[in-house]
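Okay, so here's the structure we're looking at.
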2 protein chains.
Amino acid sequence: MESRNLRNAGLKVTVPRMKLLELFESSGGKHLTAESIHRQLIEAGEDIGLATIYRALVQFEAAGLVTKHHFEGDHAVFELERGPHHDHIVCIHCGKVEEFCDEVIEARQQEIAGKYGFRLHDHTLTLYGECSDADCTGKNANALTEKKK
Amino acid sequence: MESRNLRNAGLKVTVPRMKLLELFESSGGKHLTAESIHRQLIEAGEDIGLATIYRALVQFEAAGLVTKHHFEGDHAVFELERGPHHDHIVCIHCGKVEEFCDEVIEARQQEIAGKYGFRLHDHTLTLYGECSDADCTGKNANALTEKKK
DNA sequence: ATGTATGCAAAACATTTGCACCTGG
DNA sequence: CCAGGTGCAAATGTTTTGCATACAT
């Protein structure tokens, strides 16, 4: 039940917030933009404002419920925090995103931080490349490659 | 001489572009925002428009002369491309940025990409932590931590 | 009740574009 | 001369805010 997450985060349990969390869970770990979230909820018949999405997202992030990424540069994408840390590898053609976690890299980062006198808090690692999906290049040739509109 | 870089990139050698490159070189590898670049050039008495900065930056990036980063989320920062690849470790308190390159991590990334069927093109790795500078926490306690204004 | 959350519209920003003019080769 | 570059202002796209109203506890 999502209401528990909200309460634990010290947030009031409201309809918009619940709907937002539900959407995230039913999206199966996808990375969503504020815009797409809004569109989907509206299409689902919900009466929710874009501003509310943004406000909720900011709070969810502060509460550690979601993570914000800047894969493309323009709009940010949000992902529901389920489980431990992981990094991403995204296809520059179709925009597909895979998740992974590599112990070797994680450990090395600690060493590097120490070497430079930093106390490591966090990190971002994103690999960009071309995936091998049959329906990638050509059909979905958009996402990061193609610019807006 | 910077004019060579421009010519090699197939770009016309103009005053604004030269000034921009000069600023980058005299900034000692710092990461600059379009806004700060503009401000500095204006203060230096140059008559240059913000739009020109952005246009030049886009071309420079395409030409591989500069690299664009999104450390904070809002405005992007640009860095002059001098030498081989490297990643960053930035202080969440004072915003200080150190550069590093780790062969172990680089190699591991290739393996991971292969494991997921991706042909690796590029990557971004940024570590966030607290540096050990004496004048860090307190004085320069801004940068990433504090929000704008 | 009552402090928060929400929707809407307007504001704030960073970045891009249209256009007439200027400039480098 | 002429394609490409530039400044300015207006346009965009995204995210934030102000405010009166609605809601959770």
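Here's how to read the names in the structure tokens: chain A, B, ... by the order shown, residue numbers from 1 in each chain, ligand numbers from 1 in the order shown.
Near range 40-45 of chain A, within a cut-off of 12 Å and counting only C-alpha atoms (C1' of nucleotides), sit the residues A:Val15, A:Pro16, A:Arg17, A:Met18, A:Lys19, A:Leu20, A:Leu21, A:Glu22, A:Leu23, A:Phe24, A:Ser26, A:Ser27, A:Leu32, A:Thr33, A:Ala34, A:Glu35, A:Leu50, A:Thr52, A:Ile53, with same-chain residues fewer than 5 positions away left out.
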Please write the residues from the selection above to a file, keeping N, CA and C atoms, as a PDB file, in the first residue's frame.
ATOM      1  N   VAL A  15      -5.169  12.450  -2.590  1.00  0.00           N
ATOM      2  CA  VAL A  15      -5.543  11.750  -3.822  1.00  0.00           C
ATOM      3  C   VAL A  15      -4.495  11.920  -4.925  1.00  0.00           C
ATOM      4  N   PRO A  16      -4.109  13.154  -5.250  1.00  0.00           N
ATOM      5  CA  PRO A  16      -3.123  13.338  -6.317  1.00  0.00           C
ATOM      6  C   PRO A  16      -1.836  12.565  -6.070  1.00  0.00           C
ATOM      7  N   ARG A  17      -1.341  12.594  -4.853  1.00  0.00           N
ATOM      8  CA  ARG A  17      -0.090  11.899  -4.543  1.00  0.00           C
ATOM      9  C   ARG A  17      -0.232  10.391  -4.696  1.00  0.00           C
ATOM     10  N   MET A  18      -1.391   9.887  -4.265  1.00  0.00           N
ATOM     11  CA  MET A  18      -1.620   8.456  -4.393  1.00  0.00           C
ATOM     12  C   MET A  18      -1.661   8.054  -5.867  1.00  0.00           C
ATOM     13  N   LYS A  19      -2.390   8.844  -6.637  1.00  0.00           N
ATOM     14  CA  LYS A  19      -2.517   8.549  -8.063  1.00  0.00           C
ATOM     15  C   LYS A  19      -1.144   8.553  -8.724  1.00  0.00           C
ATOM     16  N   LEU A  20      -0.349   9.497  -8.319  1.00  0.00           N
ATOM     17  CA  LEU A  20       0.995   9.615  -8.870  1.00  0.00           C
ATOM     18  C   LEU A  20       1.814   8.365  -8.562  1.00  0.00           C
ATOM     19  N   LEU A  21       1.772   7.927  -7.312  1.00  0.00           N
ATOM     20  CA  LEU A  21       2.518   6.726  -6.939  1.00  0.00           C
ATOM     21  C   LEU A  21       1.982   5.500  -7.667  1.00  0.00           C
ATOM     22  N   GLU A  22       0.677   5.424  -7.786  1.00  0.00           N
ATOM     23  CA  GLU A  22       0.074   4.278  -8.470  1.00  0.00           C
ATOM     24  C   GLU A  22       0.546   4.223  -9.911  1.00  0.00           C
ATOM     25  N   LEU A  23       0.565   5.382 -10.531  1.00  0.00           N
ATOM     26  CA  LEU A  23       0.994   5.422 -11.930  1.00  0.00           C
ATOM     27  C   LEU A  23       2.418   4.895 -12.042  1.00  0.00           C
ATOM     28  N   PHE A  24       3.271   5.344 -11.116  1.00  0.00           N
ATOM     29  CA  PHE A  24       4.659   4.905 -11.138  1.00  0.00           C
ATOM     30  C   PHE A  24       4.740   3.384 -11.011  1.00  0.00           C
ATOM     31  N   SER A  26       2.470   1.130 -11.661  1.00  0.00           N
ATOM     32  CA  SER A  26       1.889   0.401 -12.784  1.00  0.00           C
ATOM     33  C   SER A  26       2.688   0.607 -14.067  1.00  0.00           C
ATOM     34  N   SER A  27       3.649   1.504 -14.005  1.00  0.00           N
ATOM     35  CA  SER A  27       4.464   1.756 -15.197  1.00  0.00           C
ATOM     36  C   SER A  27       5.680   0.843 -15.250  1.00  0.00           C
ATOM     37  N   LEU A  32       9.745   8.409 -16.211  1.00  0.00           N
ATOM     38  CA  LEU A  32       8.698   9.303 -16.700  1.00  0.00           C
ATOM     39  C   LEU A  32       9.049  10.778 -16.552  1.00  0.00           C
ATOM     40  N   THR A  33       8.497  11.582 -17.456  1.00  0.00           N
ATOM     41  CA  THR A  33       8.705  13.023 -17.355  1.00  0.00           C
ATOM     42  C   THR A  33       7.462  13.589 -16.685  1.00  0.00           C
ATOM     43  N   ALA A  34       7.593  14.762 -16.105  1.00  0.00           N
ATOM     44  CA  ALA A  34       6.460  15.387 -15.426  1.00  0.00           C
ATOM     45  C   ALA A  34       5.313  15.512 -16.426  1.00  0.00           C
ATOM     46  N   GLU A  35       5.674  15.881 -17.614  1.00  0.00           N
ATOM     47  CA  GLU A  35       4.699  16.070 -18.690  1.00  0.00           C
ATOM     48  C   GLU A  35       3.936  14.791 -19.002  1.00  0.00           C
ATOM     49  N   LEU A  50      -0.542  20.248 -13.517  1.00  0.00           N
ATOM     50  CA  LEU A  50       0.873  19.986 -13.767  1.00  0.00           C
ATOM     51  C   LEU A  50       1.697  20.452 -12.566  1.00  0.00           C
ATOM     52  N   THR A  52       0.998  20.460  -9.536  1.00  0.00           N
ATOM     53  CA  THR A  52       0.915  19.498  -8.446  1.00  0.00           C
ATOM     54  C   THR A  52       1.888  18.355  -8.682  1.00  0.00           C
ATOM     55  N   ILE A  53       1.987  17.945  -9.926  1.00  0.00           N
ATOM     56  CA  ILE A  53       2.928  16.875 -10.276  1.00  0.00           C
ATOM     57  C   ILE A  53       4.335  17.311  -9.883  1.00  0.00           C
TER      58      ILE A  53
END
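Excluding DG13 in chain D itself and any same-chain residue fewer than 6 positions from it, the protein and nucleic acid residues within 9 Å of it, counting only C-alpha atoms (C1' of nucleotides), are Asp74 and His75 of chain A; DT15 of chain C.
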Restrict the distance test to only C-alpha atoms (C1' of nucleotides), flag each residue of chain B within 9 Å of chain C, and return the flagged residues as an MDAnalysis selection string.
-> chainID B and resid 12:14 51 54:55 74:76
Please determine the contact residues of chain B with respect to chain A at a cut-off of 10 Å, counting only C-alpha atoms, and supply them as number ranges by chain.
-> B: 68-76, 87-92, 98-102, 104-110, 112-114, 116-133
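Nearest-residue note for chain D: choosing from A:Glu79, A:Ala134, A:Leu57, A:Gly28, the minimum distance belongs to A:Leu57, counting only C-alpha atoms (C1' of nucleotides).
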Counting only C-alpha atoms (C1' of nucleotides), give me one row per residue of chain D with an atom at most 12 Å from an atom of chain A, showing the shortest contact pair and its distance in Å to one decimal, sorted by chain then residue number, as JSON lines.
{"residue": "D:DT12", "atom": "C1'", "partner": "A:Lys148", "partner_atom": "CA", "distance": 11.0}
{"residue": "D:DG13", "atom": "C1'", "partner": "A:Asp74", "partner_atom": "CA", "distance": 8.7}
{"residue": "D:DT14", "atom": "C1'", "partner": "A:His75", "partner_atom": "CA", "distance": 6.5}
{"residue": "D:DT15", "atom": "C1'", "partner": "A:Tyr54", "partner_atom": "CA", "distance": 7.5}
{"residue": "D:DT16", "atom": "C1'", "partner": "A:Ala51", "partner_atom": "CA", "distance": 8.1}
{"residue": "D:DT17", "atom": "C1'", "partner": "A:Ala51", "partner_atom": "CA", "distance": 9.5}
{"residue": "D:DA22", "atom": "C1'", "partner": "A:Thr14", "partner_atom": "CA", "distance": 11.7}
{"residue": "D:DC23", "atom": "C1'", "partner": "A:Thr14", "partner_atom": "CA", "distance": 8.3}
{"residue": "D:DA24", "atom": "C1'", "partner": "A:Lys12", "partner_atom": "CA", "distance": 7.1}
{"residue": "D:DT25", "atom": "C1'", "partner": "A:Lys12", "partner_atom": "CA", "distance": 8.9}
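Note that DSSP on the backbone gives strand (DSSP E) to these residues of range 76-141 of chain B: Val77, Phe78, Glu79, Leu80, Asp87, His88, Ile89, Val90, Cys91, Val97, Glu98, Glu99, Phe100, Arg119, Leu120, His121, Asp122, His123, Thr124, Leu125, Thr126, Leu127, Tyr128, Gly129 and Glu130 of chain B.
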Restricting it to N, CA, C and O atoms, dump the selection as a short mmCIF file (atom, residue, chain, number, x, y, z; two decimals), in the first residue's frame.
data_model
loop_
_atom_site.label_atom_id
_atom_site.label_comp_id
_atom_site.auth_asym_id
_atom_site.auth_seq_id
_atom_site.Cartn_x
_atom_site.Cartn_y
_atom_site.Cartn_z
N VAL B 77 26.80 23.42 -17.91
CA VAL B 77 28.12 24.04 -17.81
C VAL B 77 28.95 23.48 -18.94
O VAL B 77 28.78 22.34 -19.34
N PHE B 78 29.86 24.32 -19.47
CA PHE B 78 30.70 23.90 -20.58
C PHE B 78 32.16 23.92 -20.16
O PHE B 78 32.58 24.76 -19.36
N GLU B 79 32.89 23.00 -20.72
CA GLU B 79 34.30 22.86 -20.38
C GLU B 79 35.11 22.72 -21.66
O GLU B 79 34.70 22.04 -22.59
N LEU B 80 36.24 23.39 -21.73
CA LEU B 80 37.10 23.31 -22.90
C LEU B 80 37.71 21.91 -22.96
O LEU B 80 38.19 21.40 -21.96
N ASP B 87 36.38 11.97 -16.07
CA ASP B 87 35.09 12.13 -15.40
C ASP B 87 35.24 13.16 -14.31
O ASP B 87 36.31 13.76 -14.18
N HIS B 88 34.20 13.39 -13.53
CA HIS B 88 34.25 14.44 -12.52
C HIS B 88 33.81 14.02 -11.14
O HIS B 88 33.00 13.12 -10.97
N ILE B 89 34.34 14.75 -10.18
CA ILE B 89 33.91 14.55 -8.79
C ILE B 89 33.67 15.96 -8.29
O ILE B 89 34.57 16.81 -8.33
N VAL B 90 32.44 16.23 -7.91
CA VAL B 90 32.11 17.58 -7.49
C VAL B 90 31.63 17.67 -6.05
O VAL B 90 30.93 16.78 -5.55
N CYS B 91 32.05 18.74 -5.39
CA CYS B 91 31.70 18.95 -3.99
C CYS B 91 30.29 19.53 -3.89
O CYS B 91 29.99 20.55 -4.49
N VAL B 97 35.16 21.27 -8.53
CA VAL B 97 35.13 20.13 -9.44
C VAL B 97 36.54 19.61 -9.69
O VAL B 97 37.43 20.37 -10.08
N GLU B 98 36.74 18.32 -9.47
CA GLU B 98 38.03 17.70 -9.75
C GLU B 98 37.81 16.75 -10.91
O GLU B 98 36.71 16.26 -11.12
N GLU B 99 38.86 16.48 -11.67
CA GLU B 99 38.72 15.57 -12.79
C GLU B 99 39.56 14.34 -12.55
O GLU B 99 40.60 14.40 -11.91
N PHE B 100 39.10 13.23 -13.07
CA PHE B 100 39.87 11.99 -12.90
C PHE B 100 39.52 11.04 -14.04
O PHE B 100 38.55 11.22 -14.76
N ARG B 119 26.40 -1.05 -28.04
CA ARG B 119 27.70 -0.62 -28.56
C ARG B 119 27.94 0.72 -27.88
O ARG B 119 27.26 1.71 -28.18
N LEU B 120 28.86 0.77 -26.97
CA LEU B 120 29.10 1.97 -26.17
C LEU B 120 29.64 3.15 -27.00
O LEU B 120 30.60 3.00 -27.74
N HIS B 121 28.97 4.27 -26.86
CA HIS B 121 29.40 5.46 -27.58
C HIS B 121 30.06 6.45 -26.64
O HIS B 121 31.01 7.11 -26.96
N ASP B 122 29.47 6.53 -25.47
CA ASP B 122 29.87 7.61 -24.58
C ASP B 122 29.37 7.29 -23.16
O ASP B 122 28.65 6.32 -22.96
N HIS B 123 29.74 8.11 -22.22
CA HIS B 123 29.22 7.90 -20.87
C HIS B 123 29.43 9.15 -20.02
O HIS B 123 30.21 10.03 -20.39
N THR B 124 28.75 9.19 -18.93
CA THR B 124 28.88 10.29 -17.99
C THR B 124 29.00 9.69 -16.61
O THR B 124 28.16 8.89 -16.21
N LEU B 125 30.01 10.07 -15.90
CA LEU B 125 30.18 9.58 -14.53
C LEU B 125 30.53 10.79 -13.69
O LEU B 125 31.51 11.48 -13.95
N THR B 126 29.71 11.06 -12.71
CA THR B 126 29.99 12.18 -11.82
C THR B 126 29.78 11.74 -10.38
O THR B 126 28.74 11.22 -10.03
N LEU B 127 30.81 11.95 -9.57
CA LEU B 127 30.72 11.59 -8.16
C LEU B 127 30.37 12.86 -7.40
O LEU B 127 30.89 13.94 -7.72
N TYR B 128 29.52 12.75 -6.41
CA TYR B 128 29.14 13.89 -5.60
C TYR B 128 29.53 13.60 -4.17
O TYR B 128 29.24 12.52 -3.65
N GLY B 129 30.18 14.56 -3.54
CA GLY B 129 30.59 14.34 -2.16
C GLY B 129 31.01 15.62 -1.50
O GLY B 129 30.78 16.71 -2.05
N GLU B 130 31.61 15.50 -0.34
CA GLU B 130 32.07 16.69 0.39
C GLU B 130 33.58 16.72 0.33
O GLU B 130 34.24 15.76 0.71
#
Would you please give, as a PyMOL selection string, all residues of range 5-127 of chain B that DSSP assigns to helix (DSSP H, G or I) based on the backbone?
-> chain B and resi 5-8+15-26+34-43+50-62+103-115
In Å, how far is it from C1' of DG5 in chain D to CA of Leu11 in chain B?
-> 10.1 Å
